[in-house]
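Visitor: Here you go, model-v1.cif (mmCIF, C-alpha atoms):
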```cif
data_target
#
loop_
_atom_site.label_atom_id
_atom_site.label_comp_id
_atom_site.auth_asym_id
_atom_site.auth_seq_id
_atom_site.Cartn_x
_atom_site.Cartn_y
_atom_site.Cartn_z
CA MET A 23 29.69 -61.78 -43.24
CA TRP A 24 28.62 -59.95 -40.12
CA GLY A 25 27.37 -63.16 -38.53
CA PHE A 26 30.11 -63.09 -35.89
CA LEU A 27 28.41 -60.02 -34.47
CA LEU A 28 25.07 -61.75 -34.06
CA ILE A 29 26.01 -63.76 -31.01
CA PRO A 30 27.24 -60.83 -28.88
CA ALA A 31 24.29 -58.74 -30.13
CA ALA A 32 21.86 -61.44 -29.04
CA MET A 33 23.60 -61.61 -25.67
CA ILE A 34 23.22 -57.89 -25.18
CA VAL A 35 19.53 -57.96 -26.18
CA GLY A 36 19.01 -61.00 -23.96
CA ALA A 37 20.65 -59.23 -21.06
CA PHE A 38 18.20 -56.36 -21.48
CA LEU A 39 15.25 -58.72 -21.69
CA THR A 40 16.16 -60.63 -18.55
CA GLN A 41 17.20 -57.52 -16.59
CA PRO A 42 15.05 -57.56 -13.45
CA GLU A 43 12.64 -54.66 -13.09
CA PRO A 44 14.12 -51.91 -10.89
CA PRO A 45 12.73 -52.26 -7.37
CA PRO A 46 9.61 -50.10 -6.86
CA GLN A 47 10.43 -46.74 -5.30
CA PRO A 48 8.46 -45.55 -2.27
CA THR A 49 6.16 -42.65 -3.10
CA ASP A 50 3.31 -41.27 -1.01
CA THR A 51 2.95 -41.86 2.73
CA ILE A 52 -0.25 -41.74 4.76
CA ILE A 53 -0.13 -41.42 8.57
CA LEU A 54 -3.17 -41.88 10.78
CA LEU A 55 -3.03 -39.57 13.82
CA PRO A 56 -5.08 -39.84 17.01
CA ASP A 57 -7.97 -37.35 17.07
CA GLU A 58 -7.73 -34.34 19.36
CA ASP A 59 -9.86 -36.18 21.94
CA GLY A 60 -7.45 -39.14 21.84
CA SER A 61 -9.75 -41.49 19.90
CA VAL A 62 -8.51 -43.03 16.66
CA GLY A 63 -10.55 -43.16 13.45
CA THR A 64 -10.20 -45.31 10.37
CA LEU A 65 -8.67 -44.65 6.96
CA VAL A 66 -9.08 -46.90 3.95
CA VAL A 67 -6.09 -46.35 1.66
CA SER A 68 -6.46 -47.51 -1.94
CA GLY A 69 -3.56 -47.77 -4.37
CA SER A 70 -3.74 -48.94 -7.96
CA THR A 71 -3.15 -52.58 -7.00
CA GLY A 72 -4.52 -52.92 -3.51
CA GLN A 73 -6.12 -51.53 -0.42
CA THR A 74 -5.17 -51.31 3.24
CA THR A 75 -7.02 -50.11 6.33
CA LEU A 76 -5.35 -47.98 9.00
CA ASN A 77 -7.05 -47.99 12.40
CA SER A 78 -4.39 -47.52 15.06
CA ALA A 79 -2.57 -44.35 16.11
CA TYR A 80 0.52 -43.61 13.99
CA ALA A 81 -0.17 -46.48 11.59
CA THR A 82 1.23 -45.70 8.13
CA ALA A 83 0.64 -46.84 4.57
CA GLN A 84 3.32 -46.25 2.00
CA ALA A 85 2.66 -46.47 -1.70
CA ASP A 86 5.38 -47.44 -4.16
CA SER A 87 5.92 -46.67 -7.82
CA ALA A 88 4.54 -50.10 -8.81
CA GLY A 89 1.21 -49.33 -7.16
CA GLY A 90 1.84 -51.50 -4.10
CA LEU A 91 1.06 -50.48 -0.53
CA SER A 92 3.03 -51.42 2.56
CA ALA A 93 1.82 -50.96 6.11
CA GLY A 94 4.04 -49.65 8.89
CA THR A 95 4.04 -47.50 11.99
CA THR A 96 5.65 -44.27 13.06
CA SER A 97 5.65 -42.40 16.36
CA ALA A 98 4.39 -39.15 17.85
CA ALA A 99 8.00 -37.96 18.10
CA ALA A 100 8.80 -38.71 14.46
CA VAL A 101 5.61 -36.98 13.30
CA GLU A 102 6.40 -33.94 15.45
CA ASN A 103 9.92 -33.86 14.07
CA GLU A 104 8.89 -33.98 10.41
CA PHE A 105 5.49 -32.28 10.45
CA GLY A 106 5.48 -30.20 13.65
CA ALA A 107 5.54 -26.84 11.85
CA MET A 108 2.63 -27.84 9.60
CA LEU A 109 0.58 -29.24 12.49
CA ALA A 110 1.19 -26.06 14.51
CA ALA A 111 -0.58 -24.12 11.72
CA THR A 112 -3.78 -26.19 12.10
CA PRO A 113 -6.76 -23.83 12.53
CA ALA A 114 -8.37 -23.83 15.99
CA ALA A 115 -11.16 -26.33 16.57
CA PRO A 116 -14.64 -24.82 16.29
CA ARG A 117 -16.04 -23.89 19.73
CA SER A 118 -19.35 -22.78 21.10
CA PHE A 119 -20.29 -20.72 24.13
CA VAL A 120 -23.60 -20.04 25.84
CA VAL A 121 -24.55 -16.92 27.79
CA THR A 122 -27.86 -16.62 29.64
CA PHE A 123 -30.09 -13.58 30.18
CA LYS A 124 -32.37 -12.26 32.96
CA SER A 125 -36.05 -13.02 32.47
CA GLY A 126 -37.66 -10.91 29.73
CA SER A 127 -34.47 -8.94 29.17
CA ALA A 128 -32.62 -8.51 25.91
CA ASP A 129 -29.70 -6.61 27.41
CA THR A 130 -29.06 -7.85 30.95
CA LEU A 131 -27.00 -11.00 31.23
CA SER A 132 -27.39 -13.39 34.13
CA ALA A 133 -24.83 -12.88 36.90
CA GLU A 134 -22.91 -16.06 35.94
CA SER A 135 -22.65 -14.97 32.32
CA GLN A 136 -21.31 -11.49 33.11
CA ALA A 137 -17.98 -12.99 34.10
CA GLU A 138 -17.94 -15.41 31.17
CA VAL A 139 -18.36 -12.68 28.60
CA ASP A 140 -14.91 -11.28 29.26
CA GLU A 141 -13.41 -14.70 28.78
CA ILE A 142 -15.30 -15.16 25.49
CA LYS A 143 -14.11 -11.76 24.24
CA ARG A 144 -10.53 -12.59 25.14
CA TYR A 145 -10.77 -15.90 23.27
CA LEU A 146 -12.28 -14.26 20.18
CA LEU A 147 -9.49 -11.68 20.11
CA THR A 148 -6.89 -14.46 19.86
CA LEU A 149 -8.55 -16.12 16.85
CA PRO A 150 -7.33 -15.26 13.35
CA ALA A 151 -10.19 -14.59 10.88
CA PRO A 152 -13.02 -15.91 13.07
CA GLU A 153 -16.43 -16.76 11.61
CA ILE A 154 -19.07 -16.23 14.27
CA GLN A 155 -22.69 -17.34 14.46
CA VAL A 156 -24.86 -15.84 17.20
CA ILE A 157 -28.22 -17.52 17.89
CA GLY A 158 -30.71 -16.15 20.42
CA HIS A 159 -33.30 -18.19 22.34
CA THR A 160 -36.01 -17.61 24.95
CA ASP A 161 -37.99 -19.59 27.48
CA ARG A 162 -41.75 -20.05 27.03
CA VAL A 163 -42.96 -17.05 29.06
CA GLY A 164 -44.81 -14.71 26.67
CA SER A 165 -46.18 -15.14 23.16
CA VAL A 166 -44.34 -16.90 20.36
CA GLU A 167 -44.13 -13.60 18.45
CA ASP A 168 -42.72 -11.68 21.41
CA ASN A 169 -40.20 -14.43 22.00
CA ASP A 170 -39.08 -14.34 18.37
CA ARG A 171 -38.40 -10.61 18.77
CA LEU A 172 -36.74 -11.11 22.15
CA SER A 173 -34.47 -13.88 20.84
CA ARG A 174 -33.33 -11.68 17.95
CA ALA A 175 -32.74 -8.75 20.30
CA ARG A 176 -30.63 -10.97 22.59
CA ALA A 177 -28.57 -12.14 19.63
CA ASP A 178 -28.07 -8.54 18.52
CA THR A 179 -26.88 -7.58 22.02
CA VAL A 180 -24.25 -10.30 21.94
CA LYS A 181 -23.23 -9.44 18.39
CA GLN A 182 -22.77 -5.85 19.54
CA PHE A 183 -20.55 -6.72 22.49
CA ILE A 184 -18.40 -8.85 20.20
CA SER A 185 -18.00 -5.95 17.74
CA ASP A 186 -17.38 -3.49 20.61
CA ALA A 187 -14.61 -5.74 21.92
CA GLY A 188 -12.71 -5.05 18.70
CA VAL A 189 -13.04 -8.55 17.24
CA THR A 190 -12.48 -8.39 13.49
CA ALA A 191 -14.51 -11.31 12.25
CA VAL A 192 -14.71 -12.57 8.67
CA ARG A 193 -18.43 -12.49 9.43
CA ILE A 194 -20.85 -12.39 12.35
CA ASP A 195 -24.31 -13.80 11.58
CA SER A 196 -27.01 -13.21 14.16
CA SER A 197 -30.42 -14.84 14.26
CA GLY A 198 -33.21 -15.66 16.71
CA ARG A 199 -34.93 -19.00 17.18
CA GLY A 200 -37.53 -17.76 19.71
CA GLU A 201 -38.75 -20.48 22.06
CA ARG A 202 -38.41 -23.27 19.43
CA GLU A 203 -35.11 -24.81 20.54
CA PRO A 204 -35.12 -25.11 24.34
CA VAL A 205 -32.24 -26.92 26.05
CA VAL A 206 -34.78 -27.91 28.71
CA ALA A 207 -38.28 -28.75 27.41
CA THR A 208 -41.01 -27.05 29.50
CA ALA A 209 -44.75 -26.42 29.42
CA ASP A 210 -45.84 -23.17 27.77
CA GLY A 211 -45.69 -20.11 30.03
CA ARG A 212 -42.98 -21.66 32.25
CA ALA A 213 -39.87 -19.59 33.09
CA GLU A 214 -36.65 -21.55 32.59
CA ALA A 215 -33.33 -19.76 33.07
CA ARG A 216 -31.31 -22.22 30.98
CA ASN A 217 -33.46 -21.54 27.90
CA ARG A 218 -33.01 -17.73 28.06
CA ARG A 219 -29.74 -17.92 26.25
CA VAL A 220 -27.58 -16.96 23.31
CA GLU A 221 -25.32 -19.50 21.63
CA ILE A 222 -22.10 -18.21 20.15
CA ARG A 223 -20.59 -20.61 17.62
CA VAL A 224 -17.07 -19.76 16.60
CA ARG A 225 -14.96 -21.19 13.82
CA MET B 22 -33.31 -45.50 -10.05
CA ARG B 23 -32.65 -44.82 -13.71
CA PRO B 24 -29.48 -42.82 -14.44
CA ALA B 25 -31.44 -39.98 -16.05
CA VAL B 26 -33.45 -39.52 -12.87
CA ALA B 27 -30.33 -39.65 -10.71
CA LEU B 28 -28.66 -37.00 -12.84
CA LEU B 29 -31.67 -34.74 -12.57
CA MET B 30 -31.69 -35.08 -8.78
CA LEU B 31 -27.98 -34.33 -8.58
CA SER B 32 -28.45 -31.18 -10.60
CA LEU B 33 -31.16 -30.01 -8.20
CA ALA B 34 -29.11 -30.66 -5.07
CA PRO B 35 -27.65 -27.54 -3.41
CA LEU B 36 -24.10 -27.35 -4.69
CA THR B 37 -21.17 -25.19 -3.81
CA LEU B 38 -19.98 -24.27 -7.26
CA ALA B 39 -16.77 -22.66 -8.44
CA GLY B 40 -16.91 -19.03 -7.33
CA GLU B 41 -18.65 -19.75 -4.02
CA ALA B 42 -16.86 -19.81 -0.69
CA ALA B 43 -16.16 -23.34 0.53
CA GLY B 44 -13.89 -22.30 3.39
CA THR B 45 -11.69 -19.61 4.90
CA ILE B 46 -7.94 -19.30 5.30
CA LYS B 47 -7.18 -18.96 9.01
CA ILE B 48 -3.40 -19.14 9.06
CA SER B 49 -0.85 -18.33 6.37
CA ARG B 50 2.91 -18.34 6.87
CA GLY B 51 5.70 -17.75 4.40
CA ASP B 52 5.22 -18.03 0.65
CA ALA B 53 1.60 -19.09 0.01
CA HIS B 54 -0.84 -18.47 -2.82
CA ILE B 55 -4.28 -19.36 -4.06
CA VAL B 56 -4.46 -20.23 -7.75
CA ARG B 57 -7.90 -19.36 -9.09
CA GLY B 58 -8.76 -19.39 -12.78
CA GLY B 59 -5.09 -19.10 -13.73
CA GLN B 60 -4.53 -16.09 -11.42
CA GLN B 61 -2.29 -16.25 -8.35
CA LEU B 62 -3.64 -14.46 -5.30
CA PRO B 63 -1.74 -14.13 -2.02
CA ALA B 64 -3.18 -16.50 0.59
CA THR B 65 -4.04 -14.29 3.57
CA PRO B 66 -6.08 -15.00 6.72
CA GLY B 67 -9.76 -14.22 6.12
CA GLN B 68 -9.55 -14.96 2.40
CA HIS B 69 -12.15 -17.40 1.09
CA VAL B 70 -11.25 -20.65 -0.58
CA GLU B 71 -13.49 -21.69 -3.47
CA VAL B 72 -14.17 -24.96 -5.25
CA SER B 73 -11.52 -25.54 -7.95
CA ASP B 74 -8.97 -23.37 -6.15
CA SER B 75 -5.46 -24.68 -5.68
CA ILE B 76 -3.29 -23.72 -2.73
CA LEU B 77 0.38 -23.39 -3.55
CA THR B 78 3.11 -23.06 -0.93
CA GLY B 79 6.81 -22.35 -1.25
CA SER B 80 9.67 -23.82 0.78
CA ASP B 81 8.73 -21.74 3.88
CA GLY B 82 4.95 -21.74 3.29
CA THR B 83 2.14 -23.19 5.43
CA VAL B 84 -1.59 -22.55 5.06
CA GLY B 85 -4.37 -23.53 7.50
CA ILE B 86 -7.93 -23.59 6.14
CA THR B 87 -11.27 -24.29 7.82
CA LEU B 88 -13.93 -25.48 5.37
CA ASN B 89 -17.60 -24.66 5.94
CA ASP B 90 -18.29 -28.13 7.36
CA ASP B 91 -15.51 -27.62 9.97
CA THR B 92 -12.99 -29.78 8.08
CA ARG B 93 -9.54 -28.38 8.82
CA LEU B 94 -6.81 -28.63 6.20
CA THR B 95 -3.19 -27.58 6.67
CA ALA B 96 -0.87 -27.55 3.69
CA GLY B 97 2.83 -27.81 4.54
CA PRO B 98 5.83 -26.39 2.65
CA ASP B 99 6.36 -26.99 -1.09
CA SER B 100 2.82 -28.24 -1.51
CA THR B 101 0.03 -28.11 -4.06
CA LEU B 102 -3.45 -28.78 -2.72
CA GLU B 103 -6.51 -28.72 -4.96
CA LEU B 104 -10.07 -28.46 -3.64
CA ARG B 105 -11.81 -30.41 -6.38
CA ARG B 106 -15.29 -30.61 -4.94
CA PHE B 107 -17.12 -29.28 -1.92
CA VAL B 108 -20.84 -29.53 -1.29
CA PHE B 109 -22.29 -28.97 2.17
CA ASP B 110 -25.83 -28.62 3.43
CA SER B 111 -25.50 -26.93 6.82
CA THR B 112 -28.94 -28.22 7.89
CA THR B 113 -28.53 -31.95 7.13
CA HIS B 114 -24.69 -32.00 7.18
CA GLN B 115 -24.86 -34.05 3.98
CA GLY B 116 -22.49 -33.17 1.20
CA SER B 117 -19.31 -34.25 -0.50
CA LEU B 118 -15.67 -33.31 -0.38
CA ASP B 119 -12.82 -34.20 -2.70
CA ALA B 120 -9.36 -32.74 -2.22
CA SER B 121 -6.06 -33.75 -3.75
CA VAL B 122 -2.42 -33.22 -2.79
CA GLN B 123 -0.29 -33.21 -5.92
CA ARG B 124 2.96 -32.60 -4.06
CA GLY B 125 4.13 -31.79 -0.56
CA SER B 126 2.14 -32.54 2.56
CA LEU B 127 -1.32 -32.03 3.97
CA SER B 128 -2.80 -32.64 7.40
CA VAL B 129 -6.53 -33.13 7.74
CA ILE B 130 -9.01 -33.11 10.62
CA SER B 131 -12.25 -34.25 9.08
CA GLY B 132 -15.48 -32.34 9.64
CA LYS B 133 -19.25 -32.72 9.56
CA ILE B 134 -19.56 -34.25 6.08
CA ALA B 135 -17.25 -37.11 7.10
CA LYS B 136 -19.52 -37.75 10.10
CA ALA B 137 -22.82 -37.60 8.19
CA SER B 138 -21.75 -39.22 4.92
CA PRO B 139 -18.21 -40.63 5.13
CA GLU B 140 -18.51 -42.34 1.73
CA ALA B 141 -18.79 -38.87 0.18
CA VAL B 142 -15.37 -37.72 1.43
CA SER B 143 -12.20 -38.52 -0.44
CA PHE B 144 -8.64 -37.30 -0.31
CA SER B 145 -6.05 -38.29 -2.85
CA SER B 146 -2.34 -38.09 -3.57
CA PRO B 147 -0.72 -38.97 -6.90
CA SER B 148 -0.70 -42.68 -5.99
CA VAL B 149 -3.45 -43.31 -3.43
CA THR B 150 -7.04 -42.45 -2.61
CA LEU B 151 -8.28 -42.30 0.98
CA GLY B 152 -11.67 -43.14 2.38
CA VAL B 153 -12.18 -41.34 5.68
CA ARG B 154 -14.20 -42.42 8.71
CA GLY B 155 -14.08 -39.28 10.82
CA THR B 156 -10.43 -38.84 11.61
CA ARG B 157 -7.15 -36.98 11.62
CA PHE B 158 -4.27 -37.82 9.31
CA ILE B 159 -1.32 -36.67 7.23
CA ILE B 160 -0.70 -37.23 3.53
CA LYS B 161 2.82 -36.81 2.25
CA ALA B 162 3.12 -36.92 -1.52
CA GLY B 163 6.39 -38.29 -2.91
CA GLN B 164 9.72 -38.73 -1.19
CA GLU B 165 12.03 -36.04 0.02
CA GLU B 166 14.74 -35.24 -2.48
CA ASN B 167 18.07 -36.18 -1.01
#
```
Starting from the file, give its structure as structure tokens.
Guide:
Amino acid sequence: MWGFLLIPAAMIVGAFLTQPEPPPQPTDTIILLPDEDGSVGTLVVSGSTGQTTLNSAYATAQADSAGGLSAGTTSAAAVENEFGAMLAATPAAPRSFVVTFKSGSADTLSAESQAEVDEIKRYLLTLPAPEIQVIGHTDRVGSVEDNDRLSRARADTVKQFISDAGVTAVRIDSSGRGEREPVVATADGRAEARNRRVEIRVR
Amino acid sequence: MRPAVALLMLSLAPLTLAGEAAGTIKISRGDAHIVRGGQQLPATPGQHVEVSDSILTGSDGTVGITLNDDTRLTAGPDSTLELRRFVFDSTTHQGSLDASVQRGSLSVISGKIAKASPEAVSFSSPSVTLGVRGTRFIIKAGQEEN
């Protein structure tokens, strides 16, 4: 009795069954940027149905809702336009400085380093929430034990001038490595100005 | 190596567990929070970021973080970033890092772990996972709403 309805009903069901899938919608985008030194690294991007490798500056991979990935490229200008504010909030790159000391002294910097210290202080004052590591070293004049003490005293001197400059660090660690880590390897007992140093690592 | 032995070795490895500092917030602009154990804390410069923390930003929010291996992460506006795993041995530079962007955008400059053991670094968005070979990149999760 209701048979006349069956044909249109079947047509409607059929229409649903043969309806093409909606086209996949683009979802996440990955953009490879050149490193700060200008070199370009490699990213392997894996989606649920495939994988693509990005290895040139401003290469992009875009995922879609079906799990596919499509490769593309963008430009420095487009990245700056869309992501400039975010990129401007990138924390400063970690840096390290070296100051050298007069022979045997834990509190007198070499003449060259006197001038540098002001520059280091100025830099540290510009950094938000710096984490600072201060590592003292000596040359091989004197005993190993004396040099351990001297290296720690040098590190403490530098730590003090950083605090005195008004730098508010998240932390300042100071340690001494004695004569164990020379930048220039020498025989024991040899004076070497470049080894009488304090490294300041800043992040 | 038998799995039982591997598990034992993993458990002995120095780990950065939930509750330990994995990094430090350096820059925070606009509306930005850390979600830790269900609590929302304001994201301020100098504040530590721990494993299992999420960083949440509002429409004017941006947060720059330096992890302990020198990896630098910047979350853009309207973003959710989760630090799922962070292990770093400052002597060997070995470790592992797993971070995920659930929404919004993230820029990354990879650090020492990616140099020493790139296979142990992964970043993910809702639809992709990235393997990193020492590099700088942006992840944007989803499309802008028009």
Visitor: So how many Å separate CA of Glu141 in chain A and CA of Val120 in chain A, to one decimal?
Guide: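 Here the two named atoms are 11.9 Å from each other.
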Visitor: Can you tell me, as a list in words, what residues are no more than 7 Å from Asp170 in chain A when counting only C-alpha atoms, ignoring any on the same chain fewer than 6 positions away?
Guide: Gly198, Arg199 and Gly200 of chain A
Visitor: Where does chain B meet chain A within 8 Å, residue by residue, with the nearest atom pair and distance in Å to one decimal for each, counting all atoms listed in the file, listed by chain and rising number, as a tab-separated table?
Guide:
```
residue	atom	partner	partner_atom	distance
B:Thr45	CA	A:Ala151	CA	8.0
B:Ile46	CA	A:Ala151	CA	7.6
B:Lys47	CA	A:Ala151	CA	5.6
B:Ile48	CA	A:Ala111	CA	6.3
B:Ser49	CA	A:Ala111	CA	7.9
B:Pro66	CA	A:Ala151	CA	5.9
B:Gly67	CA	A:Ala151	CA	4.8
B:Thr83	CA	A:Met108	CA	6.3
B:Val84	CA	A:Ala111	CA	6.9
B:Gly85	CA	A:Thr112	CA	5.3
B:Ile86	CA	A:Pro113	CA	6.5
B:Thr87	CA	A:Pro113	CA	6.5
B:Asp91	CA	A:Pro116	CA	7.0
B:Arg93	CA	A:Pro113	CA	6.5
B:Leu94	CA	A:Thr112	CA	7.1
B:Thr95	CA	A:Thr112	CA	5.6
B:Ala96	CA	A:Met108	CA	6.9
B:Gly97	CA	A:Met108	CA	5.1
B:Pro98	CA	A:Met108	CA	7.8
B:Ser128	CA	A:Leu109	CA	7.0
B:Ile130	CA	A:Asp57	CA	7.8
B:Ser146	CA	A:Asp50	CA	7.0
B:Pro147	CA	A:Asp50	CA	7.5
B:Ser148	CA	A:Gly69	CA	6.1
B:Val149	CA	A:Gly69	CA	4.6
B:Thr150	CA	A:Ser68	CA	5.1
B:Leu151	CA	A:Val67	CA	4.7
B:Gly152	CA	A:Val66	CA	4.8
B:Val153	CA	A:Leu65	CA	5.0
B:Arg154	CA	A:Thr64	CA	5.2
B:Gly155	CA	A:Gly63	CA	5.9
B:Thr156	CA	A:Gly63	CA	4.7
B:Arg157	CA	A:Leu55	CA	5.3
B:Phe158	CA	A:Leu54	CA	4.5
B:Ile159	CA	A:Ile53	CA	5.1
B:Ile160	CA	A:Ile52	CA	4.7
B:Lys161	CA	A:Thr51	CA	5.1
B:Ala162	CA	A:Asp50	CA	4.4
B:Gly163	CA	A:Thr49	CA	4.4
B:Gln164	CA	A:Thr49	CA	5.6
```
Visitor: Quick check, in Å to one decimal: how far apart do CA of Thr160 in chain A and CA of Glu134 in chain A lie?
Guide: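 Calculated distance between CA of Thr160 in chain A and CA of Glu134 in chain A is 17.2 Å.
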Visitor: Please write as a ChimeraX atom specification the full residue list that the PyMOL selection byres ((chain A and resi 203) around 12) yields on this file.
Guide: /A:157-162,169-170,173,198-202,204-208,216-221
Visitor: Using all atoms listed in the file for the distances, tell me which of A:Val163, A:Glu138, A:Gln155, A:Ser185 is nearest to Gly126 in chain A.
Guide: A:Val163
Visitor: Which of these, B:Ser73, B:Ser117, B:Ser100, B:Gln60, has the shortest distance to Lys136 in chain B once you count all atoms listed in the file?
Guide: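 Going through B:Ser73, B:Ser117, B:Ser100, B:Gln60 one by one, the smallest distance to Lys136 in chain B is for B:Ser117.
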Visitor: In Å, rounded to a single decimal, give me how far CA of Ser121 in chain B is from CA of Leu102 in chain B.
Guide: 5.7 Å
Visitor: Here's the selection I'm unsure about, the PyMOL selection byres ((chain B and resi 134) around 9); applied to the file above, which residues does it give, as JSON, numbers by chain?
Guide: {"B": [90, 91, 92, 108, 109, 110, 114, 115, 116, 117, 118, 131, 132, 133, 135, 136, 137, 138, 139, 141, 142, 155]}
Visitor: Given the file shown, determine the residues that the PyMOL selection byres ((chain A and resi 187) around 10) selects; report them as a list in words.
Guide: Asp140, Lys143, Arg144, Leu146, Leu147, Gln182, Phe183, Ile184, Ser185, Asp186, Gly188, Val189 and Thr190 of chain A
Visitor: Because the input lacks atoms here, generate N, CA, C and O atoms for range 44-56 of chain A and report them as a compact mmCIF listing (two decimals), keeping the file's coordinate frame.
Guide:
```
# COMPACT_ATOMS: atom_id res chain seq x y z
N PRO A 44 13.55 -52.61 -12.05
CA PRO A 44 14.12 -51.91 -10.89
C PRO A 44 13.14 -52.02 -9.72
O PRO A 44 11.94 -52.07 -9.95
N PRO A 45 13.66 -52.12 -8.49
CA PRO A 45 12.73 -52.26 -7.37
C PRO A 45 11.81 -51.05 -7.29
O PRO A 45 12.24 -49.95 -7.58
N PRO A 46 10.52 -51.24 -6.92
CA PRO A 46 9.61 -50.10 -6.86
C PRO A 46 10.09 -49.08 -5.85
O PRO A 46 10.58 -49.44 -4.77
N GLN A 47 10.00 -47.81 -6.20
CA GLN A 47 10.43 -46.74 -5.30
C GLN A 47 9.27 -46.31 -4.40
O GLN A 47 8.15 -46.23 -4.87
N PRO A 48 9.55 -46.04 -3.13
CA PRO A 48 8.46 -45.55 -2.27
C PRO A 48 7.99 -44.19 -2.76
O PRO A 48 8.78 -43.38 -3.23
N THR A 49 6.68 -43.97 -2.72
CA THR A 49 6.16 -42.65 -3.10
C THR A 49 5.41 -42.04 -1.93
O THR A 49 6.03 -41.61 -0.97
N ASP A 50 4.08 -42.02 -2.00
CA ASP A 50 3.31 -41.27 -1.01
C ASP A 50 3.15 -42.03 0.31
O ASP A 50 3.07 -43.24 0.33
N THR A 51 3.11 -41.26 1.41
CA THR A 51 2.95 -41.86 2.73
C THR A 51 1.70 -41.29 3.39
O THR A 51 1.46 -40.08 3.34
N ILE A 52 0.93 -42.15 4.01
CA ILE A 52 -0.25 -41.74 4.76
C ILE A 52 -0.02 -42.10 6.23
O ILE A 52 0.42 -43.21 6.53
N ILE A 53 -0.30 -41.16 7.13
CA ILE A 53 -0.13 -41.42 8.57
C ILE A 53 -1.44 -41.12 9.28
O ILE A 53 -1.98 -40.02 9.16
N LEU A 54 -1.95 -42.10 10.00
CA LEU A 54 -3.17 -41.88 10.78
C LEU A 54 -2.78 -41.33 12.15
O LEU A 54 -1.96 -41.92 12.85
N LEU A 55 -3.35 -40.19 12.52
CA LEU A 55 -3.03 -39.57 13.82
C LEU A 55 -4.21 -39.79 14.77
O LEU A 55 -5.35 -39.89 14.33
N PRO A 56 -3.95 -39.81 16.08
CA PRO A 56 -5.08 -39.84 17.01
C PRO A 56 -5.85 -38.52 16.90
O PRO A 56 -5.25 -37.48 16.64
```
